[in-house]
>>> print(open('entry11.txt').read())   # compact mmCIF, C-alpha atoms and all ligand atoms
# COMPACT_ATOMS: atom_id res chain seq x y z
CA MET A 21 11.44 3.88 -25.05
CA ARG A 22 11.64 3.09 -21.36
CA PRO A 23 13.46 5.77 -19.38
CA THR A 24 16.63 4.88 -17.55
CA ARG A 25 15.80 4.03 -13.98
CA PHE A 26 17.37 6.09 -11.28
CA ARG A 27 17.45 3.24 -8.79
CA GLN A 28 16.23 -0.23 -8.03
CA VAL A 29 13.63 -0.94 -5.41
CA GLN A 30 13.48 -4.04 -3.25
CA ILE A 31 9.99 -4.75 -1.92
CA ALA A 32 8.61 -7.28 0.55
CA SER A 33 5.16 -7.72 2.06
CA GLN A 34 3.56 -9.93 4.66
CA SER A 35 0.08 -10.11 6.15
CA ASP A 36 -1.01 -12.30 9.03
CA VAL A 37 -4.29 -12.99 10.81
CA GLY A 38 -2.65 -12.54 14.24
CA ARG A 39 -3.27 -14.61 17.38
CA VAL A 40 -6.83 -13.61 18.26
CA ARG A 41 -8.91 -12.91 15.15
CA SER A 42 -10.43 -15.70 13.05
CA ALA A 43 -10.15 -13.86 9.72
CA ASN A 44 -7.70 -11.48 8.13
CA GLN A 45 -9.40 -8.27 6.98
CA ASP A 46 -6.08 -6.65 6.04
CA VAL A 47 -4.79 -6.81 2.49
CA CYS A 48 -1.70 -5.53 0.76
CA GLY A 49 -0.45 -5.42 -2.78
CA THR A 50 2.33 -4.12 -4.98
CA PHE A 51 2.09 -2.84 -8.53
CA GLU A 52 4.58 -1.68 -11.15
CA ASN A 53 4.09 -0.03 -14.52
CA ALA A 54 6.22 0.19 -17.67
CA GLU A 55 7.43 3.71 -16.75
CA GLY A 56 9.12 2.34 -13.63
CA TYR A 57 6.60 3.57 -11.04
CA ARG A 58 5.96 1.26 -8.12
CA LEU A 59 2.89 1.37 -5.91
CA LEU A 60 2.55 -0.29 -2.50
CA VAL A 61 -0.85 -0.43 -0.80
CA VAL A 62 -2.05 -1.58 2.64
CA ALA A 63 -5.75 -1.60 3.58
CA ASP A 64 -7.38 -2.63 6.88
CA GLY A 65 -11.07 -3.38 6.51
CA MET A 66 -13.87 -2.90 9.03
CA GLY A 67 -17.61 -3.46 9.22
CA GLY A 68 -18.26 -7.01 10.36
CA HIS A 69 -16.58 -10.17 9.21
CA ARG A 70 -17.64 -10.09 5.57
CA GLY A 71 -17.82 -6.31 5.26
CA GLY A 72 -14.26 -5.73 6.43
CA GLU A 73 -12.79 -8.30 4.07
CA THR A 74 -14.85 -7.01 1.17
CA ALA A 75 -14.01 -3.35 1.77
CA SER A 76 -10.23 -3.83 1.98
CA ARG A 77 -10.22 -6.12 -1.06
CA LEU A 78 -12.29 -3.64 -3.11
CA ALA A 79 -9.96 -0.81 -2.06
CA LEU A 80 -6.87 -2.69 -3.22
CA GLU A 81 -8.52 -3.68 -6.50
CA SER A 82 -9.82 -0.16 -7.22
CA ILE A 83 -6.52 1.54 -6.43
CA GLY A 84 -4.61 -1.01 -8.51
CA ARG A 85 -7.04 -0.59 -11.42
CA VAL A 86 -6.56 3.20 -11.53
CA PHE A 87 -2.78 2.71 -11.40
CA ASP A 88 -2.85 0.11 -14.20
CA ARG A 89 -5.36 1.72 -16.56
CA ASP A 90 -5.68 5.40 -15.77
CA PHE A 91 -2.26 6.45 -14.51
CA GLY A 92 -2.31 10.03 -15.88
CA GLU A 93 -0.34 12.59 -13.87
CA PRO A 94 1.56 11.11 -10.90
CA ASP A 95 0.58 14.15 -8.79
CA SER A 96 -3.09 13.36 -8.85
CA LEU A 97 -2.95 9.59 -9.30
CA LEU A 98 -3.29 8.59 -5.66
CA ALA A 99 -6.13 11.01 -4.94
CA ARG A 100 -8.05 9.68 -7.95
CA ALA A 101 -7.28 6.07 -6.98
CA PHE A 102 -8.49 6.52 -3.38
CA ARG A 103 -11.65 8.33 -4.52
CA ALA A 104 -12.36 5.49 -6.98
CA ALA A 105 -11.99 3.04 -4.09
CA ASN A 106 -14.36 5.14 -1.97
CA ASP A 107 -16.97 5.22 -4.77
CA GLU A 108 -16.77 1.47 -5.33
CA ILE A 109 -16.98 0.45 -1.67
CA HIS A 110 -19.78 2.92 -0.98
CA ARG A 111 -21.74 1.72 -4.04
CA VAL A 112 -21.40 -1.98 -3.13
CA GLY A 113 -22.18 -1.26 0.55
CA ALA A 114 -25.34 0.66 -0.39
CA SER A 115 -26.59 -2.14 -2.68
CA ASP A 116 -26.12 -5.05 -0.24
CA PRO A 117 -27.69 -4.78 3.25
CA SER A 118 -25.19 -7.29 4.68
CA LEU A 119 -22.31 -4.99 3.64
CA HIS A 120 -23.96 -1.70 4.59
CA GLY A 121 -21.56 0.67 6.37
CA MET A 122 -18.40 -1.27 5.51
CA GLY A 123 -15.19 0.68 5.15
CA THR A 124 -11.45 0.42 5.22
CA THR A 125 -8.32 2.35 5.96
CA GLY A 126 -5.80 2.77 3.19
CA VAL A 127 -2.19 3.84 2.90
CA ALA A 128 -0.22 3.85 -0.34
CA ILE A 129 3.18 4.97 -1.48
CA LEU A 130 4.03 5.75 -5.09
CA ILE A 131 7.74 5.41 -5.82
CA GLY A 132 8.79 7.10 -9.05
CA PRO A 133 11.73 6.07 -11.21
CA ARG A 134 13.70 9.18 -10.21
CA ASP A 135 13.52 11.28 -7.05
CA GLU A 136 9.80 11.91 -6.82
CA GLY A 137 7.30 9.99 -4.75
CA CYS A 138 3.96 10.42 -3.05
CA VAL A 139 2.14 9.02 -0.02
CA ALA A 140 -1.64 8.93 0.38
CA HIS A 141 -3.68 7.72 3.30
CA ILE A 142 -7.08 7.61 4.92
CA GLY A 143 -7.51 6.27 8.46
CA ASP A 144 -4.81 4.92 10.76
CA SER A 145 -2.74 2.63 8.58
CA ARG A 146 0.68 4.28 8.52
CA ALA A 147 3.76 5.02 6.44
CA TYR A 148 7.21 5.46 7.98
CA ARG A 149 10.55 6.42 6.47
CA LEU A 150 14.04 5.43 7.60
CA ARG A 151 16.66 7.83 6.20
CA ASP A 152 20.25 8.26 7.38
CA GLY A 153 19.43 6.50 10.66
CA ARG A 154 16.39 8.67 11.38
CA PHE A 155 12.95 6.98 11.62
CA ASP A 156 9.89 9.16 11.00
CA GLN A 157 6.18 8.52 10.70
CA ILE A 158 5.20 10.33 7.50
CA THR A 159 1.43 9.98 7.82
CA GLU A 160 -0.76 11.43 10.56
CA ASP A 161 -3.62 9.15 11.65
CA HIS A 162 -7.16 10.27 10.93
CA SER A 163 -8.24 9.12 14.38
CA TRP A 164 -9.95 10.65 17.37
CA VAL A 165 -6.98 10.09 19.67
CA CYS A 166 -4.52 11.58 17.16
CA GLU A 167 -6.67 14.71 17.04
CA GLU A 168 -6.68 14.86 20.86
CA VAL A 169 -2.87 14.53 20.94
CA ARG A 170 -2.54 17.26 18.31
CA HIS A 171 -4.60 19.62 20.48
CA GLY A 172 -2.56 18.69 23.58
CA ARG A 173 -5.53 17.19 25.43
CA ILE A 174 -3.92 13.75 25.86
CA SER A 175 -0.34 12.50 25.54
CA ALA A 176 0.94 10.10 22.88
CA ASP A 177 1.36 7.43 25.57
CA GLU A 178 -2.23 7.94 26.75
CA ALA A 179 -3.41 7.65 23.14
CA ARG A 180 -1.88 4.17 22.82
CA GLU A 181 -4.00 2.84 25.69
CA HIS A 182 -7.07 5.04 25.24
CA PRO A 183 -10.47 3.23 25.03
CA MET A 184 -11.27 5.29 21.92
CA LYS A 185 -7.97 4.57 20.16
CA ASN A 186 -9.76 2.68 17.36
CA VAL A 187 -12.22 5.47 16.51
CA LEU A 188 -11.43 6.79 13.03
CA LEU A 189 -12.40 10.21 11.76
CA ARG A 190 -12.03 9.18 8.12
CA SER A 191 -12.32 5.87 6.30
CA ILE A 192 -12.73 4.72 2.72
CA GLY A 193 -16.23 3.77 1.56
CA VAL A 194 -18.36 4.71 4.56
CA GLY A 195 -19.48 8.05 3.13
CA ALA A 196 -20.37 9.10 -0.41
CA ASP A 197 -17.31 11.34 -0.52
CA VAL A 198 -13.98 11.32 1.25
CA GLU A 199 -11.03 13.64 1.74
CA VAL A 200 -7.73 12.01 0.77
CA THR A 201 -4.50 13.19 2.39
CA VAL A 202 -1.79 13.17 -0.29
CA THR A 203 1.78 14.13 0.58
CA PRO A 204 4.51 14.51 -2.07
CA ILE A 205 7.85 13.12 -0.86
CA ASP A 206 11.40 13.21 -2.16
CA LEU A 207 13.30 9.95 -2.59
CA LYS A 208 16.95 9.20 -1.88
CA SER A 209 18.95 6.06 -2.49
CA GLY A 210 19.25 4.27 0.83
CA ASP A 211 15.75 5.28 1.98
CA ARG A 212 13.57 2.56 3.45
CA PHE A 213 9.80 2.95 3.60
CA LEU A 214 7.44 0.89 5.72
CA LEU A 215 3.65 0.68 5.38
CA CYS A 216 1.60 -1.11 8.03
CA SER A 217 -1.80 -1.62 9.58
CA ASP A 218 -2.41 -0.80 13.25
CA GLY A 219 -1.83 -4.50 14.03
CA LEU A 220 1.89 -3.64 13.87
CA TRP A 221 2.15 -0.20 15.46
CA GLY A 222 -0.46 -1.06 18.11
CA GLU A 223 1.72 -3.94 19.35
CA VAL A 224 5.29 -2.89 18.58
CA GLY A 225 6.92 0.43 19.51
CA ASP A 226 8.58 2.75 16.98
CA ARG A 227 12.07 2.07 18.31
CA ALA A 228 11.77 -1.69 17.79
CA ILE A 229 10.26 -1.22 14.32
CA ALA A 230 13.09 1.11 13.32
CA GLU A 231 15.75 -1.26 14.64
CA VAL A 232 14.43 -4.20 12.59
CA LEU A 233 13.94 -2.04 9.49
CA ALA A 234 17.54 -0.80 9.68
CA ARG A 235 19.10 -4.19 10.36
CA GLU A 236 17.31 -6.64 8.09
CA SER A 237 16.66 -7.13 4.39
CA PRO A 238 13.08 -6.22 3.42
CA SER A 239 11.91 -9.86 3.36
CA SER A 240 13.50 -10.64 6.74
CA ALA A 241 12.19 -7.34 8.18
CA VAL A 242 8.53 -7.98 7.29
CA ALA A 243 8.75 -11.55 8.66
CA GLU A 244 10.40 -10.42 11.89
CA LEU A 245 7.96 -7.55 12.42
CA VAL A 246 4.93 -9.81 11.95
CA ASP A 247 6.49 -12.26 14.42
CA LEU A 248 7.10 -9.41 16.89
CA ALA A 249 3.47 -8.24 16.67
CA ASN A 250 2.30 -11.81 17.34
CA THR A 251 4.78 -12.27 20.17
CA HIS A 252 3.42 -9.08 21.79
CA GLY A 253 -0.12 -10.46 21.69
CA GLY A 254 -1.19 -10.48 18.03
CA SER A 255 -4.55 -9.02 19.05
CA ASP A 256 -5.26 -7.76 15.52
CA ASN A 257 -4.47 -8.65 11.93
CA VAL A 258 -0.99 -7.41 11.07
CA THR A 259 0.30 -6.30 7.67
CA VAL A 260 3.72 -4.90 6.84
CA GLN A 261 5.28 -3.77 3.58
CA VAL A 262 8.85 -2.57 3.15
CA ALA A 263 10.43 -0.86 0.15
CA ALA A 264 14.21 -0.33 0.12
CA LEU A 265 15.69 2.09 -2.42
CA LEU A 266 19.02 0.53 -3.20
CA GLU A 267 22.24 2.49 -3.46
CA SER A 268 23.60 1.11 -6.70
CA GLU A 269 22.92 -1.06 -9.73
CA ALA A 270 25.49 -3.62 -8.52
CA GLU A 271 23.80 -3.99 -5.16
CA SER A 272 20.47 -4.64 -6.79
CA SER A 273 21.53 -6.98 -9.58
CA THR A 274 19.85 -9.99 -7.99
CA ALA A 275 17.09 -8.21 -6.11
CA ILE A 276 14.87 -6.30 -8.49
CA GLY A 277 11.19 -6.04 -7.70
CA THR A 278 9.69 -8.06 -4.89
CA ASP A 279 11.98 -10.19 -2.79
CA GLY A 280 9.56 -11.97 -0.57
CA PRO A 281 6.04 -13.08 0.06
CA SER A 282 3.30 -10.54 -0.51
CA GLY A 283 -0.11 -10.42 1.06
CA ALA A 284 -2.02 -12.79 3.25
CA PRO A 285 -0.64 -16.32 3.55
CA ASP A 286 -3.87 -17.68 2.07
CA GLY A 287 -3.58 -15.16 -0.79
CA SER A 288 -7.11 -13.86 -0.27
CA GLY A 289 -7.68 -10.36 -1.51
CA THR A 290 -4.05 -9.82 -2.37
CA HIS A 291 -2.79 -8.56 -5.69
CA THR A 292 0.88 -8.76 -6.42
CA PHE A 293 2.01 -7.64 -9.83
CA LEU A 294 5.50 -8.88 -10.51
CA PRO A 295 7.61 -7.45 -13.36
CA ASP A 296 7.79 -10.86 -15.09
CA GLU A 297 4.03 -11.11 -15.02
CA ARG A 298 3.79 -7.65 -16.59
CA ARG A 299 6.21 -8.58 -19.36
CA ARG A 300 4.29 -11.79 -20.06
CA TRP A 301 1.03 -9.89 -20.44
CA THR A 302 2.70 -7.22 -22.58
CA ARG A 303 4.04 -9.91 -24.94
CA ALA A 304 0.61 -11.53 -25.14
CA GLY A 305 -0.90 -8.11 -25.94
CA VAL A 306 1.57 -7.52 -28.78
CA ILE A 307 0.81 -10.93 -30.31
CA ALA A 308 -2.95 -10.37 -30.00
CA ALA A 309 -2.67 -6.90 -31.60
CA SER A 310 -0.58 -8.32 -34.46
CA LEU A 311 -3.14 -11.07 -35.15
CA LEU A 312 -5.98 -8.51 -35.09
CA ALA A 313 -4.11 -6.21 -37.50
CA ALA A 314 -3.45 -9.15 -39.86
CA ALA A 315 -7.14 -10.13 -39.74
CA VAL A 316 -8.28 -6.56 -40.51
CA LEU A 317 -5.79 -6.34 -43.42
CA PHE A 318 -7.02 -9.71 -44.79
CA TRP A 319 -10.64 -8.57 -44.52
CA ARG A 320 -9.94 -5.28 -46.31
CA VAL A 321 -8.03 -7.03 -49.12
CA CYS A 322 -10.78 -9.59 -49.56
CA ALA A 323 -13.66 -7.08 -49.29
CA CA A 401 -6.60 -3.37 12.34
>>> encode(input="entry11.txt", output="structure tokens", more="lines below")
Ligand code: CA
Amino acid sequence: MRPTRFRQVQIASQSDVGRVRSANQDVCGTFENAEGYRLLVVADGMGGHRGGETASRLALESIGRVFDRDFGEPDSLLARAFRAANDEIHRVGASDPSLHGMGTTGVAILIGPRDEGCVAHIGDSRAYRLRDGRFDQITEDHSWVCEEVRHGRISADEAREHPMKNVLLRSIGVGADVEVTVTPIDLKSGDRFLLCSDGLWGEVGDRAIAEVLARESPSSAVAELVDLANTHGGSDNVTVQVAALLESEAESSTAIGTDGPSGAPDGSGTHTFLPDERRRWTRAGVIAASLLAAAVLFWRVCA
């Protein structure tokens, strides 16, 4: 029996190539399982044109596969999913010279059906939370400049303009092993979470992001934030996902699941798993299992 859900979640995603790049190496995706867990993922690939696209797509697929098939304990799910992505990207990169050294960032949030959630990340794609009017970054970049800021050697403002601002200390798939940062979080109705690649936070300040996130519906927020990043230069691919934990059943009656476009406009490398799709596949599975059982019974009776 499906447990009663504590809340409804409204999700929207958008990914855009930006104004300068010729290809979008960012991907994003949303997943949901029968227990009411939602997973949002953003990945920002690197390693040449083909390598970057391949790495971020493989990360999304690997993380989604672990969520779909090997959910297990929520506590360890994201760490296992990110390590599976690292193994897959590293294996493919090692077997194809044109993809050698490819990697990707990754940030994911797992939203449970009650008050428990989890954030995992590697690299400088970020997660933010808006709660009771307060906007906080809930991931800490695995980047050289972030480490310098932490040690007080440069300021946060200097980090934004620093020539080494894109140097990552950790990424998915480059090495044979990787350390995943996993942070358990509590969830409250009214919370809004935002995941993004550096194409957003590199162009748009925290204050402007928070203002849009607080004012708009998730679908309008992701569209406006992508527009803002492009208006400010659009020097990189930009990807934004928003999840809003709604206050009440009544508020959410027409807005369950995703409420807007998800992933790159061309759909490349994007996996969006809508609840209706899930139900359709579940029904097909039940019919297939029934037919198989009938066939086995027939065979045993006839044998
Ligand atoms: Ca980027």
>>> closest_residue(input="entry11.txt", among="A:Ala140, A:Leu59, A:Ala234, A:Val258", to="ligand CA 401 (chain A)", atoms="only C-alpha atoms and all ligand atoms")
A:Val258
>>> closest_atom_pairs(input="entry11.txt", of="chain A", to="ligand CA 401 (chain A)", cutoff="7 Å", atoms="all atoms listed in the file", output="tab-separated table")
residue	atom	partner	partner_atom	distance
A:Asp64	CA	A:CA401	CA	5.6
A:Ser217	CA	A:CA401	CA	5.8
A:Asp218	CA	A:CA401	CA	5.0
A:Gly219	CA	A:CA401	CA	5.2
A:Asp256	CA	A:CA401	CA	5.6
A:Asn257	CA	A:CA401	CA	5.7
>>> closest_residue(input="entry11.txt", among="A:Arg154, A:Arg146, A:Arg27, A:His120", to="Glu231 (chain A)", atoms="all atoms listed in the file")
A:Arg154
>>> closest_residue(input="entry11.txt", among="A:Gly65, A:Gly222, A:His110, A:Ser237", to="Ala249 (chain A)", atoms="all atoms listed in the file")
A:Gly222
>>> closest_residue(input="entry11.txt", among="A:Ala63, A:Cys166, A:Val224, A:Val29", to="Asn44 (chain A)", atoms="all atoms listed in the file")
A:Ala63
>>> closest_residue(input="entry11.txt", among="A:His171, A:Arg149, A:Arg100, A:Arg85", to="Phe213 (chain A)", atoms="all atoms listed in the file")
A:Arg149
>>> atom_distance(input="entry11.txt", atom1="CA of Gln45 (chain A)", atom2="CA of Glu178 (chain A)")
26.6 Å
>>> closest_residue(input="entry11.txt", among="A:Val61, A:Ala43, A:Ala179, A:Val139", to="Gly126 (chain A)", atoms="all atoms listed in the file")
A:Val61
>>> atom_distance(input="entry11.txt", atom1="CA of Val198 (chain A)", atom2="CA of Gly121 (chain A)")
14.0 Å
>>> residues_around(input="entry11.txt", residues="Ala264 (chain A)", least_positions_apart="3", cutoff="9 Å", atoms="only C-alpha atoms", output="ChimeraX atom specification")
/A:28-32,209-214,237-238
>>> atom_distance(input="entry11.txt", atom1="CA of Arg180 (chain A)", atom2="CA of Cys216 (chain A)")
16.1 Å
>>> axis_aligned_box(input="entry11.txt", around="region 37-43 of chain A", padding_each_side="5 Å", output="JSON")
{"center_x": -6.5, "center_y": -14.1, "center_z": 14.0, "size_x": 17.8, "size_y": 13.2, "size_z": 18.5}
>>> residues_around(input="entry11.txt", residues="Lys208 (chain A)", least_positions_apart="2", cutoff="10 Å", atoms="all atoms listed in the file", output="PyMOL selection string")
chain A and resi 26-27+134-136+151-152+205-206+210-212+265-267
>>> residues_near_point(input="entry11.txt", point="(0.5, -2.2, -5.5)", cutoff="10 Å", atoms="all atoms listed in the file", output="count of residues only")
26
>>> residues_around(input="entry11.txt", residues="Ser82 (chain A)", least_positions_apart="2", cutoff="8 Å", atoms="all atoms listed in the file", output="VMD selection string")
chain A and resid 78 to 80 84 to 86 101 to 102 104 to 105 108
>>> residues_near_point(input="entry11.txt", point="(4.2, -11.3, 8.1)", cutoff="12 Å", atoms="all atoms listed in the file", output="PyMOL selection string")
chain A and resi 32-38+44+46-48+216-217+219-220+238-250+254+257-262+280-286
>>> residues_around(input="entry11.txt", residues="Gly143 (chain A)", least_positions_apart="2", cutoff="10 Å", atoms="all atoms listed in the file", output="PyMOL selection string")
chain A and resi 63-64+124-127+141+145-146+159-163+186-192+200-201+217-218
>>> decode(input="entry11.txt", residues="region 223-234 of chain A", atoms="all heavy atoms", output="CSV table (one decimal), in the first residue's frame")
chain,number,residue,atom,x,y,z
A,223,GLU,N,26.5,34.2,-13.5
A,223,GLU,CA,26.0,35.4,-14.2
A,223,GLU,C,25.0,36.2,-13.3
A,223,GLU,O,24.9,37.4,-13.5
A,223,GLU,CB,25.2,35.0,-15.5
A,223,GLU,CG,26.0,34.2,-16.5
A,223,GLU,CD,26.9,35.1,-17.4
A,223,GLU,OE1,27.1,36.3,-17.0
A,223,GLU,OE2,27.4,34.6,-18.4
A,224,VAL,N,24.3,35.5,-12.4
A,224,VAL,CA,23.3,36.2,-11.7
A,224,VAL,C,23.6,36.1,-10.2
A,224,VAL,O,23.9,35.0,-9.7
A,224,VAL,CB,21.9,35.5,-11.9
A,224,VAL,CG1,20.8,36.3,-11.2
A,224,VAL,CG2,21.6,35.5,-13.5
A,225,GLY,N,23.5,37.2,-9.5
A,225,GLY,CA,23.8,37.2,-8.0
A,225,GLY,C,22.7,36.5,-7.2
A,225,GLY,O,21.6,36.4,-7.6
A,226,ASP,N,23.1,36.2,-6.0
A,226,ASP,CA,22.2,35.4,-5.1
A,226,ASP,C,20.9,36.2,-4.8
A,226,ASP,O,19.9,35.6,-4.7
A,226,ASP,CB,22.9,35.2,-3.7
A,226,ASP,CG,23.9,34.0,-3.8
A,226,ASP,OD1,24.1,33.5,-5.0
A,226,ASP,OD2,24.5,33.6,-2.8
A,227,ARG,N,21.1,37.5,-4.6
A,227,ARG,CA,19.9,38.3,-4.2
A,227,ARG,C,18.9,38.3,-5.3
A,227,ARG,O,17.7,38.1,-5.1
A,227,ARG,CB,20.3,39.8,-4.0
A,227,ARG,CG,19.2,40.7,-3.5
A,227,ARG,CD,19.7,42.1,-3.4
A,227,ARG,NE,20.7,42.2,-2.3
A,227,ARG,CZ,20.4,42.6,-1.1
A,227,ARG,NH1,19.2,42.9,-0.8
A,227,ARG,NH2,21.4,42.7,-0.2
A,228,ALA,N,19.3,38.4,-6.6
A,228,ALA,CA,18.4,38.3,-7.7
A,228,ALA,C,17.7,37.0,-7.9
A,228,ALA,O,16.5,36.8,-8.1
A,228,ALA,CB,19.1,38.7,-9.0
A,229,ILE,N,18.5,35.9,-7.7
A,229,ILE,CA,18.0,34.5,-7.7
A,229,ILE,C,16.9,34.3,-6.7
A,229,ILE,O,15.9,33.8,-6.9
A,229,ILE,CB,19.2,33.5,-7.5
A,229,ILE,CG1,20.2,33.6,-8.7
A,229,ILE,CG2,18.6,32.1,-7.5
A,229,ILE,CD1,21.4,32.7,-8.5
A,230,ALA,N,17.2,34.8,-5.4
A,230,ALA,CA,16.3,34.6,-4.3
A,230,ALA,C,15.0,35.4,-4.6
A,230,ALA,O,13.9,34.9,-4.3
A,230,ALA,CB,16.9,35.1,-3.0
A,231,GLU,N,15.1,36.5,-5.2
A,231,GLU,CA,13.9,37.4,-5.4
A,231,GLU,C,13.0,36.7,-6.4
A,231,GLU,O,11.8,36.6,-6.2
A,231,GLU,CB,14.4,38.8,-5.9
A,231,GLU,CG,13.3,39.8,-5.9
A,231,GLU,CD,12.6,39.9,-7.3
A,231,GLU,OE1,13.3,39.7,-8.3
A,231,GLU,OE2,11.4,40.1,-7.3
A,232,VAL,N,13.6,36.1,-7.5
A,232,VAL,CA,12.7,35.5,-8.5
A,232,VAL,C,12.1,34.2,-7.9
A,232,VAL,O,11.0,33.9,-8.1
A,232,VAL,CB,13.6,35.1,-9.7
A,232,VAL,CG1,12.8,34.2,-10.7
A,232,VAL,CG2,14.1,36.4,-10.4
A,233,LEU,N,13.0,33.4,-7.1
A,233,LEU,CA,12.5,32.2,-6.5
A,233,LEU,C,11.3,32.4,-5.6
A,233,LEU,O,10.4,31.6,-5.5
A,233,LEU,CB,13.7,31.5,-5.8
A,233,LEU,CG,13.4,30.1,-5.2
A,233,LEU,CD1,13.1,29.1,-6.4
A,233,LEU,CD2,14.7,29.7,-4.5
A,234,ALA,N,11.4,33.5,-4.8
A,234,ALA,CA,10.3,33.8,-3.9
A,234,ALA,C,9.0,34.3,-4.6
A,234,ALA,O,7.9,34.1,-4.1
A,234,ALA,CB,10.8,34.9,-2.9
